[in-house]
>>> print(open('structure.cif').read())   # mmCIF, C-alpha atoms and all ligand atoms
data_data
loop_
_atom_site.label_atom_id
_atom_site.label_comp_id
_atom_site.auth_asym_id
_atom_site.auth_seq_id
_atom_site.Cartn_x
_atom_site.Cartn_y
_atom_site.Cartn_z
CA MET A 1 96.93 126.56 126.60
CA GLN A 2 96.77 126.13 122.84
CA LYS A 3 93.35 124.87 121.74
CA PHE A 4 94.81 121.96 119.73
CA LYS A 5 96.01 120.29 122.93
CA ASN A 6 92.47 119.15 123.84
CA ILE A 7 92.21 117.08 120.66
CA PHE A 8 95.89 116.51 120.03
CA PRO A 9 97.73 115.86 123.28
CA THR A 10 101.50 115.86 122.89
CA ASN A 11 102.48 113.51 125.70
CA TYR A 12 103.74 110.20 124.24
CA GLN A 13 101.66 107.90 126.46
CA ALA A 14 98.51 109.87 125.60
CA ILE A 15 99.32 109.36 121.91
CA ILE A 16 99.72 105.59 122.36
CA ASN A 17 96.40 105.57 124.26
CA LYS A 18 94.77 107.05 121.15
CA ILE A 19 95.88 103.97 119.18
CA ASN A 20 94.58 101.61 121.85
CA VAL A 21 91.02 102.96 121.64
CA ILE A 22 90.72 102.50 117.86
CA HIS A 23 87.80 100.31 116.82
CA PRO A 24 88.58 99.36 113.21
CA GLY A 25 85.05 98.18 112.40
CA ARG A 26 83.43 101.44 113.50
CA TYR A 27 86.21 103.32 111.69
CA ALA A 28 85.44 101.54 108.42
CA LYS A 29 81.70 102.23 108.67
CA THR A 30 81.85 105.88 109.70
CA ARG A 31 85.14 107.37 108.49
CA ASN A 32 83.58 109.46 105.70
CA PHE A 33 81.30 111.36 108.08
CA LEU A 34 82.39 114.54 109.81
CA ASN A 35 81.42 113.00 113.17
CA GLY A 36 82.81 109.58 112.22
CA ASP A 37 84.99 107.43 114.44
CA ILE A 38 88.31 108.42 112.90
CA THR A 39 91.70 108.09 114.58
CA TYR A 40 93.04 111.69 114.64
CA LEU A 41 96.52 110.17 114.42
CA SER A 42 97.81 111.97 111.32
CA PRO A 43 99.61 114.78 113.21
CA TYR A 44 101.70 112.18 115.03
CA ILE A 45 102.41 110.12 111.92
CA SER A 46 103.39 113.18 109.90
CA ARG A 47 105.70 114.36 112.66
CA GLY A 48 107.35 110.94 112.87
CA VAL A 49 106.32 110.38 116.51
CA ILE A 50 104.62 107.09 115.62
CA SER A 51 104.71 105.01 112.44
CA THR A 52 102.06 103.36 110.32
CA LYS A 53 103.66 100.00 111.20
CA GLN A 54 103.42 100.71 114.91
CA ILE A 55 99.69 101.47 114.56
CA MET A 56 99.09 98.31 112.52
CA ASN A 57 100.97 96.16 115.05
CA ILE A 58 99.09 97.61 118.02
CA ILE A 59 95.62 97.17 116.55
CA LEU A 60 96.40 93.59 115.48
CA LYS A 61 97.82 92.89 118.95
CA ASN A 62 94.62 94.26 120.45
CA GLY A 63 92.82 91.24 119.01
CA PHE A 64 91.33 92.57 115.78
CA THR A 65 91.77 90.38 112.68
CA PHE A 66 93.45 91.67 109.53
CA LEU A 67 90.07 91.59 107.81
CA GLU A 68 88.50 93.78 110.50
CA CYS A 69 91.42 96.22 110.20
CA GLU A 70 91.69 96.15 106.43
CA LYS A 71 90.02 99.50 105.73
CA LEU A 72 92.18 101.31 108.27
CA ILE A 73 95.33 99.57 107.05
CA GLN A 74 94.40 100.56 103.51
CA GLU A 75 94.09 104.20 104.59
CA LEU A 76 97.44 104.00 106.37
CA CYS A 77 98.77 102.54 103.15
CA TRP A 78 97.76 105.73 101.29
CA ARG A 79 100.31 107.45 103.53
CA GLU A 80 103.01 104.96 102.49
CA TYR A 81 102.01 105.25 98.85
CA TYR A 82 102.42 109.03 98.83
CA GLN A 83 105.73 108.79 100.71
CA ARG A 84 107.01 106.40 98.05
CA VAL A 85 105.89 108.85 95.35
CA TRP A 86 107.85 111.61 97.12
CA GLN A 87 110.95 109.42 97.46
CA VAL A 88 111.01 108.89 93.70
CA LYS A 89 109.71 112.26 92.44
CA LYS A 90 111.69 114.36 94.94
CA GLU A 91 111.24 118.09 94.18
CA LEU A 92 108.93 117.19 91.28
CA ILE A 93 106.26 116.60 93.93
CA TRP A 94 105.77 120.36 93.54
CA GLU A 95 104.88 119.96 89.85
CA ASP A 96 101.81 118.46 88.19
CA LEU A 97 102.60 114.76 88.55
CA LYS A 98 100.73 112.98 85.76
CA GLN A 99 99.36 115.69 83.52
CA ALA A 100 98.83 119.44 83.60
CA GLN A 101 95.91 120.36 85.81
CA PRO A 102 92.96 120.81 83.43
CA ASP A 103 91.02 124.09 83.27
CA PHE A 104 92.76 126.24 85.85
CA ILE A 105 92.55 129.97 85.22
CA HIS A 106 94.77 131.43 87.96
CA THR A 107 97.60 130.65 90.38
CA LYS A 108 96.37 132.53 93.45
CA MET A 109 94.35 131.86 96.59
CA PRO A 110 90.54 132.27 96.64
CA VAL A 111 89.84 134.98 99.25
CA SER A 112 86.64 133.44 100.59
CA LEU A 113 88.45 130.24 101.59
CA LEU A 114 91.13 132.29 103.28
CA HIS A 115 88.54 134.34 105.19
CA CYS A 116 86.01 131.55 105.87
CA THR A 117 83.31 133.38 103.89
CA THR A 118 82.38 130.95 101.10
CA GLY A 119 78.73 130.94 102.19
CA ILE A 120 78.75 127.15 102.56
CA GLU A 121 78.17 127.23 106.29
CA VAL A 122 79.80 123.99 107.33
CA ILE A 123 82.84 124.71 105.17
CA ASP A 124 83.24 128.16 106.72
CA GLU A 125 82.89 126.64 110.18
CA GLN A 126 85.52 123.99 109.36
CA LEU A 127 87.89 126.59 107.89
CA ASN A 128 87.71 128.38 111.24
CA HIS A 129 88.48 125.03 112.84
CA LEU A 130 91.56 124.72 110.62
CA TYR A 131 92.84 128.05 111.93
CA GLU A 132 92.00 127.26 115.56
CA ILE A 133 92.96 123.59 115.83
CA GLY A 134 95.18 122.93 112.82
CA TYR A 135 93.08 120.01 111.61
CA VAL A 136 90.13 119.26 109.34
CA HIS A 137 88.46 115.96 108.42
CA ASN A 138 89.50 114.21 105.19
CA HIS A 139 86.14 114.74 103.49
CA ILE A 140 86.22 118.46 104.33
CA ARG A 141 89.74 118.63 102.85
CA MET A 142 88.40 117.14 99.64
CA TYR A 143 85.52 119.63 99.55
CA ILE A 144 87.87 122.56 100.15
CA ALA A 145 90.31 121.43 97.48
CA SER A 146 87.48 120.85 95.02
CA MET A 147 86.00 124.29 95.70
CA ALA A 148 89.40 125.94 95.27
CA CYS A 149 90.66 124.08 92.19
CA ASN A 150 87.67 122.70 90.32
CA VAL A 151 84.86 125.16 91.04
CA GLY A 152 87.12 128.19 91.71
CA LYS A 153 89.65 127.07 89.04
CA ALA A 154 92.81 127.85 91.02
CA HIS A 155 95.95 125.88 90.28
CA TRP A 156 96.46 123.50 93.27
CA LYS A 157 99.92 124.69 94.33
CA ILE A 158 99.16 127.94 96.21
CA PRO A 159 96.09 126.66 98.10
CA ALA A 160 98.10 123.54 99.00
CA LYS A 161 100.82 125.73 100.51
CA TRP A 162 98.21 127.58 102.53
CA PHE A 163 96.79 124.27 103.81
CA TYR A 164 100.23 122.91 104.66
CA TYR A 165 101.00 126.07 106.61
CA HIS A 166 98.06 125.51 108.96
CA LEU A 167 97.84 121.72 109.31
CA LEU A 168 99.39 120.07 112.38
CA ASP A 169 99.71 117.00 110.16
CA GLY A 170 101.13 118.97 107.22
CA ASP A 171 103.01 116.47 105.07
CA ILE A 172 104.23 117.53 101.66
CA ALA A 173 103.57 114.10 100.14
CA SER A 174 100.03 113.52 101.46
CA ASN A 175 99.14 117.15 100.95
CA ASN A 176 100.48 117.79 97.45
CA CYS A 177 99.39 114.41 96.11
CA SER A 178 95.89 114.79 97.59
CA TRP A 179 95.45 118.27 96.13
CA GLN A 180 96.65 116.91 92.80
CA TRP A 181 94.32 113.93 93.10
CA VAL A 182 91.34 116.29 93.56
CA ALA A 183 92.49 118.66 90.80
CA ALA A 184 93.19 115.80 88.33
CA SER A 185 96.89 116.37 87.79
CA PHE A 186 97.47 113.09 89.68
CA SER A 187 94.22 111.30 88.82
CA SER A 188 92.14 110.73 85.73
CA LYS A 189 89.25 113.04 86.60
CA LYS A 190 88.44 115.99 88.83
CA TYR A 191 86.67 115.38 92.12
CA TYR A 192 83.46 117.43 92.46
CA CYS A 193 81.30 117.84 95.52
CA ASN A 194 77.79 119.26 95.70
CA GLN A 195 75.61 120.59 98.51
CA GLU A 196 73.69 117.34 98.78
CA ASN A 197 76.88 115.37 99.35
CA ILE A 198 78.17 117.94 101.83
CA ASN A 199 74.86 117.86 103.73
CA LYS A 200 74.89 114.07 103.87
CA TYR A 201 78.40 113.68 105.29
CA THR A 202 78.33 116.68 107.61
CA ASN A 203 74.78 116.17 108.91
CA THR A 204 73.66 119.62 107.73
CA ASN A 205 70.75 120.73 105.54
CA GLN A 206 71.75 123.98 103.86
CA ARG A 207 70.13 124.59 100.45
CA ASP A 208 70.18 127.15 97.61
CA THR A 209 73.93 127.63 97.59
CA PHE A 210 76.18 127.80 94.52
CA LEU A 211 76.89 124.09 95.12
CA ASP A 212 73.21 123.11 95.28
CA LYS A 213 73.29 121.58 91.81
CA THR A 214 73.92 118.23 90.14
CA TYR A 215 77.53 117.12 89.61
CA ASP A 216 77.20 117.67 85.86
CA GLU A 217 75.94 121.22 86.38
CA ILE A 218 78.77 122.01 88.82
CA ALA A 219 81.36 120.69 86.39
CA SER A 220 80.20 123.20 83.77
CA ILE A 221 79.34 126.38 85.75
CA GLN A 222 81.33 129.62 85.56
CA VAL A 223 83.35 130.43 88.67
CA PRO A 224 80.65 131.52 91.19
CA ASP A 225 80.83 135.02 92.69
CA ALA A 226 81.83 133.56 96.06
CA LEU A 227 85.06 132.21 94.56
CA THR A 228 86.07 134.92 92.09
CA ALA A 229 88.15 137.17 94.36
CA THR A 230 91.73 135.92 94.64
CA THR A 231 94.86 137.08 96.42
CA LEU A 232 98.54 136.37 96.82
CA LEU A 233 99.78 134.66 99.98
CA GLN A 234 102.48 135.74 102.38
CA LEU A 235 103.42 132.86 104.65
CA ASN A 236 106.30 133.06 107.11
CA THR A 237 107.54 130.95 109.98
CA ASN A 238 108.87 132.69 113.08
CA LEU A 239 111.49 130.26 114.35
CA PRO A 240 112.70 130.57 117.94
CA ILE A 241 116.07 132.22 118.48
CA THR A 242 118.40 129.67 120.06
CA LYS A 243 122.07 129.26 120.92
CA LEU A 244 124.32 126.73 119.24
CA PRO A 245 123.75 123.34 120.89
CA ILE A 246 126.39 122.12 123.32
CA LEU A 247 127.66 118.88 121.84
CA ASP A 248 130.02 116.25 123.20
CA VAL A 249 131.91 115.85 119.93
CA THR A 250 133.34 112.51 120.96
CA LYS A 251 129.82 111.17 120.42
CA PRO A 252 127.52 111.22 117.38
CA THR A 253 124.52 113.53 117.09
CA LEU A 254 121.01 112.36 116.27
CA ILE A 255 119.22 114.91 114.13
CA TYR A 256 115.51 115.32 114.76
CA ASN A 257 113.30 117.63 112.69
CA SER A 258 109.64 118.45 112.12
CA TYR A 259 109.20 115.09 110.33
CA ASN A 260 111.11 113.00 112.89
CA LEU A 261 110.18 113.32 116.54
CA ASP A 262 110.31 109.63 117.46
CA PRO A 263 111.04 109.25 121.21
CA ASN A 264 111.96 105.55 120.75
CA TRP A 265 114.59 106.15 118.10
CA ARG A 266 117.98 104.84 119.39
CA ALA A 267 116.53 105.65 122.81
CA ASN A 268 119.18 103.84 124.84
CA GLU A 269 122.21 105.22 123.04
CA ASN A 270 124.63 107.67 124.59
CA VAL A 271 124.50 110.42 121.95
CA ASN A 272 123.74 114.10 121.44
CA ARG A 273 120.15 114.83 120.37
CA VAL A 274 119.29 117.98 118.44
CA LEU A 275 115.94 119.17 117.08
CA LEU A 276 117.15 121.04 114.01
CA LEU A 277 114.93 123.88 112.75
CA GLU A 278 116.55 125.01 109.53
CA PRO A 279 115.58 128.50 108.33
CA THR A 280 116.08 127.45 104.71
CA HIS A 281 113.67 124.52 105.10
CA PHE A 282 110.98 126.70 106.68
CA ALA A 283 111.51 129.50 104.16
CA ASN A 284 110.64 127.01 101.43
CA HIS A 285 107.92 125.26 103.41
CA PRO A 286 106.48 127.72 105.94
CA VAL A 287 104.32 126.57 108.84
CA SER A 288 102.15 128.52 111.28
CA GLU A 289 103.03 129.36 114.87
CA LYS A 290 100.56 126.69 116.01
CA VAL A 291 102.32 124.00 113.98
CA LEU A 292 105.68 125.08 115.33
CA ASP A 293 104.35 125.01 118.92
CA PHE A 294 103.06 121.50 118.27
CA VAL A 295 106.46 120.36 116.98
CA LEU A 296 108.24 121.88 119.99
CA ALA A 297 105.74 120.30 122.41
CA LEU A 298 106.21 116.87 120.81
CA SER A 299 109.99 117.20 121.11
CA LYS A 300 109.58 117.27 124.91
CA ASN A 301 109.03 113.50 124.77
CA ILE A 302 112.70 113.12 123.85
CA PRO A 303 114.97 113.34 126.90
CA ASP A 304 117.90 115.79 126.73
CA ILE A 305 117.02 117.08 123.29
CA GLN A 306 118.39 120.53 122.43
CA VAL A 307 116.44 122.78 120.07
CA PHE A 308 118.63 124.54 117.52
CA THR A 309 117.50 127.06 114.93
CA GLY A 310 120.21 126.94 112.29
CA GLU A 311 121.46 124.95 109.35
CA ILE A 312 122.93 121.45 109.37
CA THR A 313 126.25 123.00 108.31
CA SER A 314 126.52 124.65 111.75
CA ILE A 315 126.26 121.24 113.41
CA LEU A 316 128.90 119.85 111.05
CA ALA A 317 131.21 122.76 111.93
CA LEU A 318 131.09 121.76 115.60
CA TYR A 319 132.79 118.49 114.63
CA ASN A 320 135.71 120.25 112.86
CA GLU A 321 138.06 119.64 115.77
CA SER A 322 136.74 116.16 116.51
CA ASN A 323 138.26 112.81 115.62
CA ILE A 324 134.92 111.42 114.48
CA LEU A 325 134.30 111.46 110.73
CA ILE A 326 131.20 113.43 109.75
CA ASN A 327 129.83 110.31 108.11
CA ASP A 328 129.78 108.61 111.50
CA ALA A 329 128.93 111.70 113.54
CA ILE A 330 125.59 112.66 112.02
CA ILE A 331 122.69 110.24 112.26
CA SER A 332 119.22 110.97 110.91
CA LYS A 333 116.20 109.10 109.57
CA GLU A 334 115.79 108.78 105.83
CA HIS A 335 113.32 111.41 104.61
CA PRO A 336 112.82 113.07 101.21
CA ALA A 337 112.64 116.55 102.79
CA PHE A 338 116.13 116.13 104.24
CA ALA A 339 117.95 114.07 101.63
CA TYR A 340 120.88 116.51 101.86
CA TYR A 341 121.84 115.60 105.45
CA PRO A 342 125.21 113.83 105.44
CA GLY A 343 125.99 110.76 107.55
CA ILE A 344 124.11 107.66 108.56
CA LYS A 345 120.43 107.40 107.57
CA ASP A 346 118.25 104.97 109.47
CA GLN A 347 115.26 103.58 107.63
CA ARG A 348 111.79 104.65 108.67
CA ASP A 349 109.36 101.94 109.82
CA TRP A 350 107.04 100.88 107.02
CA MET A 351 104.06 98.51 107.09
CA PHE A 352 105.19 97.25 103.68
CA PRO A 353 108.97 97.80 103.56
CA ASN A 354 109.41 95.70 100.44
CA VAL A 355 106.98 97.63 98.27
CA THR A 356 109.05 100.55 97.05
CA GLY A 357 109.28 102.79 93.99
CA TYR A 358 106.71 104.70 91.98
CA TYR A 359 103.28 103.25 91.21
CA SER A 360 101.04 105.36 89.03
CA SER A 361 97.94 104.13 90.85
CA PHE A 362 97.29 103.54 94.54
CA PHE A 363 95.37 100.33 93.86
CA ASN A 364 98.32 98.74 92.04
CA PHE A 365 100.48 99.70 94.99
CA TRP A 366 97.92 98.28 97.45
CA LYS A 367 97.70 95.00 95.47
CA LYS A 368 101.48 94.61 95.78
CA CYS A 369 101.31 95.38 99.50
CA ILE A 370 98.70 92.68 100.07
CA GLN A 371 100.75 90.19 98.04
CA SER A 372 103.81 91.02 100.14
CA LEU A 373 102.08 90.00 103.40
C1 LIG B 401 93.39 118.16 100.02
C2 LIG B 401 93.95 117.20 101.05
C3 LIG B 401 95.09 117.52 101.75
C4 LIG B 401 95.63 116.63 102.68
N1 LIG B 401 96.77 116.98 103.37
C5 LIG B 401 97.30 116.12 104.26
C6 LIG B 401 98.48 116.44 104.97
O1 LIG B 401 99.10 117.51 104.78
N2 LIG B 401 98.94 115.55 105.89
C7 LIG B 401 98.31 114.37 106.12
O2 LIG B 401 98.75 113.61 106.99
N3 LIG B 401 97.21 114.01 105.43
C8 LIG B 401 96.69 114.84 104.52
N4 LIG B 401 95.56 114.49 103.84
C9 LIG B 401 95.03 113.12 103.99
C10 LIG B 401 93.92 112.93 105.05
O3 LIG B 401 92.94 113.91 104.91
C11 LIG B 401 94.47 112.98 106.47
O4 LIG B 401 95.57 112.11 106.60
C12 LIG B 401 93.39 112.53 107.45
O5 LIG B 401 92.25 113.34 107.33
C13 LIG B 401 93.96 112.61 108.83
O6 LIG B 401 93.00 112.40 109.84
P1 LIG B 401 93.01 111.06 110.68
O7 LIG B 401 94.36 110.70 111.14
O8 LIG B 401 91.93 111.17 111.71
O9 LIG B 401 92.59 110.05 109.55
P2 LIG B 401 92.01 108.59 109.63
O10 LIG B 401 90.85 108.51 108.70
O11 LIG B 401 91.82 108.14 111.01
O12 LIG B 401 93.15 107.76 108.91
C14 LIG B 401 94.24 107.12 109.57
C15 LIG B 401 95.49 107.45 108.83
O13 LIG B 401 95.42 106.97 107.50
C16 LIG B 401 96.08 107.87 106.63
N5 LIG B 401 95.10 108.45 105.69
C17 LIG B 401 93.77 108.49 105.83
N6 LIG B 401 93.20 109.06 104.75
C18 LIG B 401 94.23 109.41 103.94
C19 LIG B 401 94.31 110.04 102.68
N7 LIG B 401 93.20 110.41 102.02
N8 LIG B 401 95.52 110.24 102.14
C20 LIG B 401 96.66 109.86 102.80
N9 LIG B 401 96.64 109.25 103.99
C21 LIG B 401 95.44 109.02 104.55
C22 LIG B 401 96.67 108.97 107.49
O14 LIG B 401 97.99 108.61 107.83
C23 LIG B 401 95.77 108.94 108.70
O15 LIG B 401 96.38 109.45 109.85
C24 LIG B 401 95.00 115.37 102.90
C25 LIG B 401 93.84 115.04 102.18
C26 LIG B 401 93.31 115.96 101.27
C27 LIG B 401 92.06 115.58 100.52
#
>>> encode(input="structure.cif", output="structure tokens", more="lines below")
Ligand SMILES: Cc1cc2nc3c(=O)[nH]c(=O)nc-3n(C[C@H](O)[C@H](O)[C@H](O)COP(=O)(O)OP(=O)(O)OC[C@H]3O[C@@H](n4cnc5c(N)ncnc54)[C@H](O)[C@@H]3O)c2cc1C
Amino acid sequence: MQKFKNIFPTNYQAIINKINVIHPGRYAKTRNFLNGDITYLSPYISRGVISTKQIMNIILKNGFTFLECEKLIQELCWREYYQRVWQVKKELIWEDLKQAQPDFIHTKMPVSLLHCTTGIEVIDEQLNHLYEIGYVHNHIRMYIASMACNVGKAHWKIPAKWFYYHLLDGDIASNNCSWQWVAASFSSKKYYCNQENINKYTNTNQRDTFLDKTYDEIASIQVPDALTATTLLQLNTNLPITKLPILDVTKPTLIYNSYNLDPNWRANENVNRVLLLEPTHFANHPVSEKVLDFVLALSKNIPDIQVFTGEITSILALYNESNILINDAIISKEHPAFAYYPGIKDQRDWMFPNVTGYYSSFFNFWKKCIQSL
């Protein structure tokens, strides 16, 4: 069995149970600590199995007040904020969003992060965790990004691709925007970490490392030896080989993908259901074998779904002889990664459906969300 399954079960009821045990007060107090009481829900939100709105509704129904849940709802709102940025920026999410990243000196991947040999023990341990489980804590993600981009002076894009490849919750919006937030191409200043901060939040006590300095010192040091070696990345996705799906072309087809695996979506309708794994999508946005296994395991919650490795055009071709118009035959959920799908697009579930468009700061977005309640 894949190791991730102990922490990230893929059965739908087990996922809902994870929401039911959330204690928002403990979450708010401890979320920044490596052993904090966090939700571990991001892989399911990213994959479209559950929505931010569903989580908010369940925790409020479980008797917690909005005030008690506010910190968690605010964090869930970061997800919505970044999705809204992606909807507006589209492919520009791959470019520096607000200003050019200051002070980068290369566009490669630091070798020590790739090989878990930075010398910062807890970081190396957590990098191994990333490879084994496909997940790391938010604070560790910030440390890694800061070491890569601000101390190691890499441009954010290549390390972000490496991260996305390995994360079960890989989400282009949350990932790219967070890397850019750390590297100051989507924020006003770079985020730096030092050994003291790492020790505090990871309950460790390592000393005398290249990060054992004040923030001001770290902001002005040369790239330390541990981060000087860099390399190019080769990331590929090995998609399963499948047959064409067998469709009843008198009925529409619901298109699922790695960002939409919602078992409740049009659950009672008599339709074809296809998990579409497009080689072109994964060539542009590769993911690891572990991530792909996770996606395939989550799709098992959807009765009668057929997995198809191929392009959307092959599904359209199956309707050539049918009387149904393509615009009625293909149904998907709105998503910036798949804007090119034809047909009907259902809206995703949002906590704050009326707050749309681009906001240059999260806190302006959040203010609007609160006003909209
Ligand atoms: C460099 C970097 C890269 C990241 N890449 C991704 C990514 O590819 N996919 C992804 O889902 N998240 C990403 N994040 C955001 C965040 O780290 C994860 O969402 C969070 O750690 C997931 O764990 P959790 O569900 O236990 O979080 P919890 O703390 O329990 O939070 C609950 C939910 O709130 C949202 N959330 C919490 N913190 C953030 C945040 N900082 N930004 C956006 N949403 C947040 C997520 O939807 C999360 O599932 C990244 C953060 C950084 C700093």
>>> residues_around(input="structure.cif", residues="Ala160 (chain A)", least_positions_apart="2", cutoff="10 Å", atoms="only C-alpha atoms", output="list of chain:residue names")
A:Trp94, A:Met109, A:Ala145, A:Ala148, A:His155, A:Trp156, A:Lys157, A:Ile158, A:Trp162, A:Phe163, A:Tyr164, A:Tyr165, A:Gly170, A:Ile172, A:Asn175, A:Asn176, A:Cys177, A:Ser178, A:Trp179, A:Gln180
>>> closest_atom_pairs(input="structure.cif", of="region 88-189 of chain A", to="region 18-33 of chain A", cutoff="12 Å", atoms="all atoms listed in the file", output="tab-separated table")
residue	atom	partner	partner_atom	distance
A:Val136	CA	A:Phe33	CA	11.9
A:His137	CA	A:Phe33	CA	8.5
A:Asn138	CA	A:Asn32	CA	7.6
A:His139	CA	A:Asn32	CA	6.3
A:Ile140	CA	A:Phe33	CA	9.4
A:Arg141	CA	A:Asn32	CA	11.4
A:Met142	CA	A:Asn32	CA	10.9
>>> atom_distance(input="structure.cif", atom1="CA of Gln306 (chain A)", atom2="CA of Ile246 (chain A)")
8.2 Å
>>> closest_residue(input="structure.cif", among="A:Leu233, A:Val307, A:Leu247, A:Leu168", to="ligand LIG 401 (chain B)", atoms="all atoms listed in the file")
A:Leu168
>>> atom_distance(input="structure.cif", atom1="CA of Pro303 (chain A)", atom2="CA of Tyr12 (chain A)")
12.0 Å
>>> residues_around(input="structure.cif", residues="Tyr256 (chain A)", least_positions_apart="3", cutoff="8 Å", atoms="all atoms listed in the file", output="PyMOL selection string")
chain A and resi 259-261+273-276+332
>>> residues_around(input="structure.cif", residues="Gly119 (chain A)", least_positions_apart="6", cutoff="9 Å", atoms="all atoms listed in the file", output="list in words")
Ser112, Thr209, Phe210 and Ala226 of chain A
